[in-house]
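One file, model_22.cif, is given below (mmCIF, C-alpha atoms).
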data_work
#
loop_
_atom_site.group_PDB
_atom_site.id
_atom_site.type_symbol
_atom_site.label_atom_id
_atom_site.label_comp_id
_atom_site.auth_asym_id
_atom_site.auth_seq_id
_atom_site.Cartn_x
_atom_site.Cartn_y
_atom_site.Cartn_z
ATOM 1 C CA MET T 6 118.854 -11.323 89.726
ATOM 2 C CA THR T 7 119.146 -10.188 86.184
ATOM 3 C CA THR T 8 116.244 -12.342 85.065
ATOM 4 C CA ASN T 9 113.984 -10.980 87.745
ATOM 5 C CA THR T 10 114.832 -7.446 86.790
ATOM 6 C CA ILE T 11 114.056 -8.027 83.150
ATOM 7 C CA HIS T 12 110.758 -9.745 84.054
ATOM 8 C CA SER T 13 109.635 -6.863 86.241
ATOM 9 C CA ASN T 14 110.480 -4.393 83.525
ATOM 10 C CA GLU T 15 108.341 -6.314 81.036
ATOM 11 C CA GLU T 16 105.307 -6.237 83.293
ATOM 12 C CA VAL T 17 105.334 -2.490 83.769
ATOM 13 C CA PRO T 18 103.811 -1.525 80.361
ATOM 14 C CA SER T 19 100.780 -3.763 80.943
ATOM 15 C CA THR T 20 99.097 -1.187 83.152
ATOM 16 C CA PRO T 21 99.125 1.843 80.780
ATOM 17 C CA LEU T 22 98.023 -0.306 77.829
ATOM 18 C CA SER T 23 94.499 -0.610 79.254
ATOM 19 C CA GLU T 24 94.023 3.168 79.570
ATOM 20 C CA PRO T 25 93.648 4.039 75.867
ATOM 21 C CA SER T 26 90.676 1.663 75.543
ATOM 22 C CA SER T 27 88.797 3.478 78.318
ATOM 23 C CA SER T 28 89.659 6.880 76.897
ATOM 24 C CA THR T 29 88.510 5.951 73.406
ATOM 25 C CA ALA T 30 85.102 4.827 74.719
ATOM 26 C CA LYS T 31 84.185 8.320 75.917
ATOM 27 C CA PRO T 32 83.863 9.960 72.454
ATOM 28 C CA THR T 33 81.529 7.143 71.411
ATOM 29 C CA THR T 34 79.224 7.956 74.320
ATOM 30 C CA LYS T 35 79.224 11.650 73.440
ATOM 31 C CA GLN T 36 78.518 10.853 69.802
ATOM 32 C CA ASN T 37 75.530 8.704 70.742
ATOM 33 C CA THR T 38 74.212 11.490 72.975
ATOM 34 C CA LYS T 39 74.373 13.989 70.108
ATOM 35 C CA GLU T 40 72.504 11.607 67.842
ATOM 36 C CA ASP T 41 69.770 11.175 70.434
ATOM 37 C CA LEU T 42 69.280 14.954 70.557
ATOM 38 C CA GLY T 43 68.470 15.150 66.819
ATOM 39 C CA ILE T 44 65.048 15.134 65.143
ATOM 40 C CA SER T 45 63.370 11.774 65.633
ATOM 41 C CA LYS T 46 62.205 9.627 62.736
ATOM 42 C CA ALA T 47 58.599 9.988 63.923
ATOM 43 C CA VAL T 48 58.768 13.777 63.580
ATOM 44 C CA VAL T 49 60.309 13.514 60.112
ATOM 45 C CA SER T 50 57.599 11.050 59.090
ATOM 46 C CA GLU T 51 54.894 13.386 60.395
ATOM 47 C CA LEU T 52 56.500 16.286 58.548
ATOM 48 C CA MET T 53 56.430 14.321 55.292
ATOM 49 C CA THR T 54 52.805 13.303 55.878
ATOM 50 C CA GLU T 55 51.723 16.919 56.394
ATOM 51 C CA VAL T 56 53.574 17.974 53.232
ATOM 52 C CA ASN T 57 51.724 15.323 51.239
ATOM 53 C CA HIS T 58 48.372 16.328 52.744
ATOM 54 C CA MET T 59 48.941 19.984 51.898
ATOM 55 C CA LEU T 60 49.975 19.101 48.342
ATOM 56 C CA SER T 61 46.884 16.941 47.913
ATOM 57 C CA TYR T 62 44.645 19.739 49.241
ATOM 58 C CA ALA T 63 46.262 22.348 46.995
ATOM 59 C CA ILE T 64 45.932 20.199 43.871
ATOM 60 C CA TYR T 65 42.343 19.193 44.636
ATOM 61 C CA ASN T 66 41.198 22.780 45.358
ATOM 62 C CA GLY T 67 43.187 24.496 42.615
ATOM 63 C CA VAL T 68 45.516 26.376 44.949
ATOM 64 C CA ILE T 69 48.628 27.754 43.245
ATOM 65 C CA ILE T 70 51.769 26.316 44.839
ATOM 66 C CA ASN T 71 55.428 27.195 44.433
ATOM 67 C CA THR T 72 57.198 24.778 42.066
ATOM 68 C CA GLU T 73 60.289 24.981 44.280
ATOM 69 C CA VAL T 74 58.509 22.533 46.581
ATOM 70 C CA ASN T 75 59.073 19.692 44.119
ATOM 71 C CA THR T 76 62.858 20.044 44.241
ATOM 72 C CA LEU T 77 62.868 20.338 48.016
ATOM 73 C CA ILE T 78 60.800 17.178 48.469
ATOM 74 C CA GLN T 79 62.941 15.133 46.077
ATOM 75 C CA ASN T 80 66.094 15.943 48.063
ATOM 76 C CA SER T 81 64.319 14.572 51.174
ATOM 77 C CA SER T 82 66.690 16.127 53.708
ATOM 78 C CA VAL T 83 65.178 17.475 56.911
ATOM 79 C CA ASP T 84 66.091 21.057 56.025
ATOM 80 C CA ASN T 85 64.450 20.757 52.622
ATOM 81 C CA LEU T 86 61.312 19.180 54.091
ATOM 82 C CA ILE T 87 61.009 22.033 56.591
ATOM 83 C CA ASN T 88 61.418 24.612 53.817
ATOM 84 C CA ALA T 89 58.829 22.827 51.685
ATOM 85 C CA HIS T 90 56.463 22.722 54.677
ATOM 86 C CA ASN T 91 56.882 26.454 55.259
ATOM 87 C CA ILE T 92 56.202 27.273 51.605
ATOM 88 C CA LEU T 93 53.070 25.119 51.480
ATOM 89 C CA VAL T 94 51.702 26.609 54.709
ATOM 90 C CA LYS T 95 51.909 30.062 53.117
ATOM 91 C CA ASN T 96 50.338 28.828 49.874
ATOM 92 C CA ILE T 97 47.246 27.259 51.476
ATOM 93 C CA ALA T 98 46.672 29.826 54.266
ATOM 94 C CA PRO T 99 44.328 30.280 56.154
ATOM 95 C CA VAL T 100 44.005 26.490 55.885
ATOM 96 C CA THR T 101 46.393 24.629 58.201
ATOM 97 C CA PRO T 102 47.712 21.051 58.253
ATOM 98 C CA LYS T 103 45.612 20.416 61.361
ATOM 99 C CA SER T 104 42.398 21.547 59.674
ATOM 100 C CA ILE T 105 43.208 19.429 56.600
ATOM 101 C CA GLU T 106 43.744 16.378 58.809
ATOM 102 C CA TYR T 107 40.433 16.983 60.593
ATOM 103 C CA ALA T 108 38.588 17.391 57.292
ATOM 104 C CA LYS T 109 40.121 14.114 56.095
ATOM 105 C CA LYS T 110 39.031 12.453 59.332
ATOM 106 C CA ILE T 111 35.454 13.669 58.781
ATOM 107 C CA ARG T 112 35.409 12.341 55.225
ATOM 108 C CA ASP T 113 36.676 8.950 56.368
ATOM 109 C CA ASN T 114 34.164 8.694 59.226
ATOM 110 C CA GLU T 115 31.106 9.895 57.324
ATOM 111 C CA LYS T 116 31.059 6.880 55.023
ATOM 112 C CA GLY T 117 27.835 5.007 55.742
ATOM 113 C CA LYS T 118 26.672 7.612 58.281
ATOM 114 C CA PRO T 119 23.978 10.286 57.972
ATOM 115 C CA ILE T 120 25.202 13.788 57.196
ATOM 116 C CA PHE T 121 23.644 14.981 60.456
ATOM 117 C CA ASN T 122 26.062 12.785 62.461
ATOM 118 C CA SER T 123 29.199 13.458 60.423
ATOM 119 C CA ILE T 124 30.159 16.578 62.409
ATOM 120 C CA PRO T 125 29.094 16.382 66.088
ATOM 121 C CA LEU T 126 29.567 20.129 66.624
ATOM 122 C CA VAL T 127 27.066 21.073 63.924
ATOM 123 C CA ARG T 128 24.603 18.495 65.234
ATOM 124 C CA ASN T 129 24.862 19.815 68.807
ATOM 125 C CA LEU T 130 24.486 23.438 67.718
ATOM 126 C CA ILE T 131 21.374 22.626 65.660
ATOM 127 C CA ILE T 132 19.807 20.723 68.577
ATOM 128 C CA LEU T 133 20.601 23.597 70.939
ATOM 129 C CA SER T 134 19.088 26.073 68.482
ATOM 130 C CA VAL T 135 15.857 24.067 68.418
ATOM 131 C CA VAL T 136 15.812 24.008 72.246
ATOM 132 C CA PHE T 137 16.264 27.793 72.446
ATOM 133 C CA LEU T 138 13.571 28.266 69.812
ATOM 134 C CA ILE T 139 11.114 26.117 71.795
ATOM 135 C CA VAL T 140 11.899 28.027 75.000
ATOM 136 C CA PHE T 141 11.480 31.328 73.157
ATOM 137 C CA ILE T 142 8.047 30.321 71.838
ATOM 138 C CA ALA T 143 6.903 28.809 75.150
ATOM 139 C CA THR T 144 7.860 31.837 77.248
ATOM 140 C CA GLY T 145 6.541 34.238 74.609
ATOM 141 C CA LEU T 146 3.116 32.612 74.826
ATOM 142 C CA SER T 147 2.977 33.192 78.570
ATOM 143 C CA PRO T 148 0.720 36.102 79.598
ATOM 144 C CA GLN T 149 3.335 37.123 82.173
ATOM 145 C CA VAL T 150 5.802 38.027 79.413
ATOM 146 C CA ASN T 151 4.581 41.331 78.009
ATOM 147 C CA ASN T 152 5.552 44.977 77.602
ATOM 148 C CA THR T 153 4.716 45.857 81.178
ATOM 149 C CA SER T 154 6.688 43.035 82.774
ATOM 150 C CA LEU T 155 9.672 43.633 80.507
ATOM 151 C CA ASN T 156 9.625 47.350 81.287
ATOM 152 C CA GLU T 157 9.819 46.565 84.987
ATOM 153 C CA GLY T 158 13.123 44.775 84.430
ATOM 154 C CA ILE T 159 15.081 42.946 87.092
ATOM 155 C CA MET T 160 14.795 45.786 89.617
ATOM 156 C CA ASN T 161 11.004 46.049 89.888
ATOM 157 C CA ASN T 162 9.928 42.568 88.865
ATOM 158 C CA SER T 163 10.031 39.405 90.978
ATOM 159 C CA GLY T 164 8.846 35.834 91.295
ATOM 160 C CA LEU T 165 7.655 33.740 88.381
ATOM 161 C CA SER T 166 7.187 36.777 86.168
ATOM 162 C CA LEU T 167 10.859 37.745 86.519
ATOM 163 C CA LEU T 168 11.949 34.158 85.855
ATOM 164 C CA LEU T 169 9.857 33.913 82.679
ATOM 165 C CA ASN T 170 11.052 37.280 81.386
ATOM 166 C CA LEU T 171 14.717 36.458 81.987
ATOM 167 C CA THR T 172 14.220 33.038 80.364
ATOM 168 C CA PHE T 173 12.609 34.738 77.368
ATOM 169 C CA LEU T 174 15.505 37.173 76.962
ATOM 170 C CA SER T 175 18.086 34.407 77.527
ATOM 171 C CA ALA T 176 16.454 32.335 74.787
ATOM 172 C CA VAL T 177 16.583 35.286 72.393
ATOM 173 C CA SER T 178 20.254 35.860 73.291
ATOM 174 C CA GLY T 179 20.989 32.172 72.768
ATOM 175 C CA LEU T 180 19.348 32.252 69.341
ATOM 176 C CA GLY T 181 21.486 35.263 68.461
ATOM 177 C CA VAL T 182 24.792 33.640 69.416
ATOM 178 C CA LEU T 183 23.839 30.333 67.771
ATOM 179 C CA PHE T 184 22.885 32.196 64.601
ATOM 180 C CA PHE T 185 26.391 33.656 64.600
ATOM 181 C CA LEU T 186 28.137 30.346 65.403
ATOM 182 C CA LEU T 187 26.249 28.313 62.803
ATOM 183 C CA LYS T 188 27.160 30.846 60.147
ATOM 184 C CA LYS T 189 30.765 30.856 61.311
ATOM 185 C CA ILE T 190 31.100 27.064 61.358
ATOM 186 C CA SER T 191 29.467 26.710 57.933
ATOM 187 C CA VAL T 192 32.087 29.060 56.482
ATOM 188 C CA ALA T 193 34.850 27.162 58.319
ATOM 189 C CA ILE T 194 33.669 23.842 56.882
ATOM 190 C CA LYS T 195 33.478 25.302 53.384
ATOM 191 C CA ASN T 196 36.994 26.780 53.659
ATOM 192 C CA THR T 197 38.481 23.724 55.447
ATOM 193 C CA THR T 198 39.578 25.778 58.457
ATOM 194 C CA LEU T 199 37.646 23.907 61.161
ATOM 195 C CA VAL T 200 39.652 22.196 63.946
ATOM 196 C CA GLU T 201 38.535 20.135 66.923
ATOM 197 C CA GLU T 202 39.916 22.623 69.471
ATOM 198 C CA GLU T 203 37.154 25.095 68.538
ATOM 199 C CA PHE T 204 34.506 22.842 70.097
ATOM 200 C CA VAL T 205 35.411 23.947 73.631
ATOM 201 C CA SER T 206 35.563 27.623 72.681
ATOM 202 C CA TYR T 207 32.092 27.456 71.093
ATOM 203 C CA THR T 208 30.595 26.313 74.410
ATOM 204 C CA ALA T 209 32.140 29.309 76.144
ATOM 205 C CA GLN T 210 30.916 31.631 73.375
ATOM 206 C CA ILE T 211 27.328 30.475 73.897
ATOM 207 C CA LEU T 212 27.476 31.344 77.600
ATOM 208 C CA ILE T 213 29.164 34.676 76.846
ATOM 209 C CA GLY T 214 26.488 35.436 74.241
ATOM 210 C CA ILE T 215 23.644 34.804 76.692
ATOM 211 C CA ILE T 216 25.305 37.010 79.305
ATOM 212 C CA ALA T 217 25.947 39.727 76.714
ATOM 213 C CA GLY T 218 22.301 39.610 75.611
ATOM 214 C CA LEU T 219 21.081 40.045 79.187
ATOM 215 C CA ILE T 220 23.513 42.933 79.686
ATOM 216 C CA MET T 221 22.266 44.654 76.539
ATOM 217 C CA SER T 222 18.566 44.113 77.255
ATOM 218 C CA GLU T 223 18.498 44.718 81.013
ATOM 219 C CA ILE T 224 21.382 46.923 82.093
ATOM 220 C CA ILE T 225 21.500 49.249 79.087
ATOM 221 C CA SER T 226 17.711 49.593 78.834
ATOM 222 C CA PHE T 227 17.537 50.134 82.595
ATOM 223 C CA TYR T 228 18.997 53.612 82.142
ATOM 224 C CA SER T 229 16.406 54.693 79.566
ATOM 225 C CA SER T 230 14.654 57.915 80.510
ATOM 226 C CA SER T 231 11.253 56.918 79.159
ATOM 227 C CA ASP T 232 9.375 53.768 80.149
ATOM 228 C CA LYS T 233 7.487 53.743 76.858
ATOM 229 C CA SER T 234 10.694 53.594 74.849
ATOM 230 C CA ILE T 235 11.371 50.035 76.052
ATOM 231 C CA SER T 236 8.969 47.558 74.504
ATOM 232 C CA LEU T 237 8.831 43.855 73.864
ATOM 233 C CA PHE T 238 10.278 44.391 70.398
ATOM 234 C CA SER T 239 13.168 46.645 71.420
ATOM 235 C CA LYS T 240 14.274 44.482 74.354
ATOM 236 C CA SER T 241 14.205 41.405 72.156
ATOM 237 C CA ILE T 242 16.303 43.217 69.563
ATOM 238 C CA LEU T 243 18.818 44.244 72.232
ATOM 239 C CA ALA T 244 19.060 40.659 73.493
ATOM 240 C CA LEU T 245 19.473 39.349 69.943
ATOM 241 C CA ILE T 246 22.173 41.894 69.135
ATOM 242 C CA GLY T 247 23.912 41.166 72.427
ATOM 243 C CA GLY T 248 24.052 37.447 71.688
ATOM 244 C CA PHE T 249 25.107 37.872 68.084
ATOM 245 C CA SER T 250 27.840 40.430 68.799
ATOM 246 C CA SER T 251 29.115 39.053 72.108
ATOM 247 C CA ASP T 252 32.733 39.351 70.952
ATOM 248 C CA ALA T 253 32.274 43.034 70.114
ATOM 249 C CA ILE T 254 30.579 43.753 73.452
ATOM 250 C CA PHE T 255 33.378 41.969 75.310
ATOM 251 C CA SER T 256 35.963 44.047 73.410
ATOM 252 C CA VAL T 257 34.121 47.288 74.236
ATOM 253 C CA ILE T 258 33.899 46.458 77.941
ATOM 254 C CA GLN T 259 37.540 45.338 77.976
ATOM 255 C CA GLY T 260 38.559 48.616 76.307
ATOM 256 C CA ILE T 261 36.690 50.622 78.950
ATOM 257 C CA ILE T 262 38.368 48.649 81.735
ATOM 258 C CA ASP T 263 41.794 49.158 80.160
ATOM 259 C CA ARG T 264 41.220 52.911 79.934
ATOM 260 C CA ILE T 265 40.185 53.077 83.582
ATOM 261 C CA LYS T 266 43.235 51.046 84.603
ATOM 262 C CA SER T 267 45.536 53.315 82.601
ATOM 263 C CA ILE T 268 44.255 56.330 84.544
ATOM 264 C CA PHE T 269 45.333 54.845 87.879
ATOM 265 C CA THR T 270 48.474 53.031 86.694
ATOM 266 C CA SER T 271 50.000 55.769 84.512
ATOM 267 C CA PRO T 272 52.917 57.629 86.146
ATOM 268 C CA LEU T 273 52.157 61.076 87.544
ATOM 269 C CA ILE T 274 53.370 63.981 85.414
ATOM 270 C CA LYS T 275 55.597 66.252 87.479
#
In structure tokens, write the structure found in this file.
Amino acid sequence: MTTNTIHSNEEVPSTPLSEPSSSTAKPTTKQNTKEDLGISKAVVSELMTEVNHMLSYAIYNGVIINTEVNTLIQNSSVDNLINAHNILVKNIAPVTPKSIEYAKKIRDNEKGKPIFNSIPLVRNLIILSVVFLIVFIATGLSPQVNNTSLNEGIMNNSGLSLLLNLTFLSAVSGLGVLFFLLKKISVAIKNTTLVEEEFVSYTAQILIGIIAGLIMSEIISFYSSSDKSISLFSKSILALIGGFSSDAIFSVIQGIIDRIKSIFTSPLIK
């Protein structure tokens, strides 16, 4: 009886001895979870790559950079890399790491290729400019595009004559917006501020420019008091200005709409 009692008492501690091992495993799981939530090595590597690209750009183009960057990079901690990145972004502005990467991509791809094919956006804009120029010349040579037909506008003209006149004005508007975009992209290439995302916006700007040119040449001139004041030259100028300054026209129209909305949405003064 005594032996059995002692044996049963010795077996009792075996159960609680297994509990500490399960309890100690929980902090390890939490620690691993916290590590997974940190900045990944890929992001740190990309951060270091962008810092090197910005330094290379600044040195090559003679941009003055803060010497504090050197100390921050040598320490190589994430906080120091972020601070160095922020300093360099301010030093090279308006150039961005994305525009530097795209410029580097162009330089790498243009080896062995014609200059005309190095930047697809410039190539497409030049081709489109030639197309608009051909359409402008072809419609301008038509006898149905003249002062009289342009004075009639969209309200009094019809048929083939209306189509040719609208095509003529659309071509002039397109030349205006392409003139603006080619100048803008040439400055962006020179200043290394061009990014690939602008390609989509340029397509929309061309359509907006054509619409703005038609608005300027047809709707605004429609309210002229004298028929003789609208000529082939003046309507072409209005279409050209409308295409070139499509952003300004959009801002003016948007401002008018906002003022009208404020009249109806402002609270009544008691």
*Spell out the residues picked by the PyMOL selection byres ((chain T and resi 165) around 12) here, as number ranges by chain.*
T: 144, 147-150, 154, 159, 162-164, 166-172
*Please write as an MDAnalysis selection string the full residue list that the PyMOL selection byres ((chain T and resi 250-257) around 9) yields on this file.*
chainID T and resid 181:182 185 210:211 213:218 221 245:249 258:262
*Got a sec to resolve the PyMOL selection byres ((chain T and resi 91) around 12) on this structure and send the residues as a PyMOL selection string?*
chain T and resi 52+55-56+59+70-71+73-74+77+84-90+92-98+101-102
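Atom to atom, CA of Phe204 (chain T) and CA of Leu138 (chain T) stand 21.6 Å apart.
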*Kindly give the distance, in Å, that separates CA of Ile111 (chain T) and CA of Val192 (chain T), rounded to a single decimal.*
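Separation of CA of Ile111 (chain T) and CA of Val192 (chain T): 15.9 Å.
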*Point-to-point distance in Å for CA of Asn114 (chain T) and CA of Ala47 (chain T)*: 24.9 Å
*So which one's closest to Thr208 (chain T), T:Ile265, T:Ile139, T:Ala176, T:Leu130? Using all atoms listed in the file, please.*
T:Leu130
_Residue nearest Leu126 (chain T) - candidates T:Ile44, T:Phe269, T:Leu186, T:Ser50, atoms counted: all atoms listed in the file_ =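 The closest residue to Leu126 (chain T) is T:Leu186.
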Report the centre and edge lengths, in Å to one decimal, of an axis-aligned box enclosing every atom of region 239-249 of chain T listed in the file, padded by 3 Å on each side, as JSON.
{"center_x": 19.1, "center_y": 42.0, "center_z": 71.2, "size_x": 17.9, "size_y": 15.2, "size_z": 12.3}
*Pick out the closest residue to Ile224 (chain T) from this set: T:Asp113, T:Glu201, T:Glu157, T:Asp263. Count only C-alpha atoms.*
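Selected residue with least distance to Ile224 (chain T): T:Glu157.
Nearest to Met160 (chain T) of all the residues T:Glu106, T:His58, T:Glu223, T:Ile124 is T:Glu223, based on all atoms listed in the file.
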*Using only C-alpha atoms, pick whichever of T:Ile190, T:Met53, T:Ala244, T:Val100 has the shortest atom-to-atom distance to Pro125 (chain T).*
T:Ile190
*With all atoms listed in the file as the atoms that count, which of T:Val127, T:Ile142, T:Val136, T:Phe173 lies nearest to Tyr207 (chain T)?*
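Among the listed residues, the smallest separation from Tyr207 (chain T) belongs to T:Val127.
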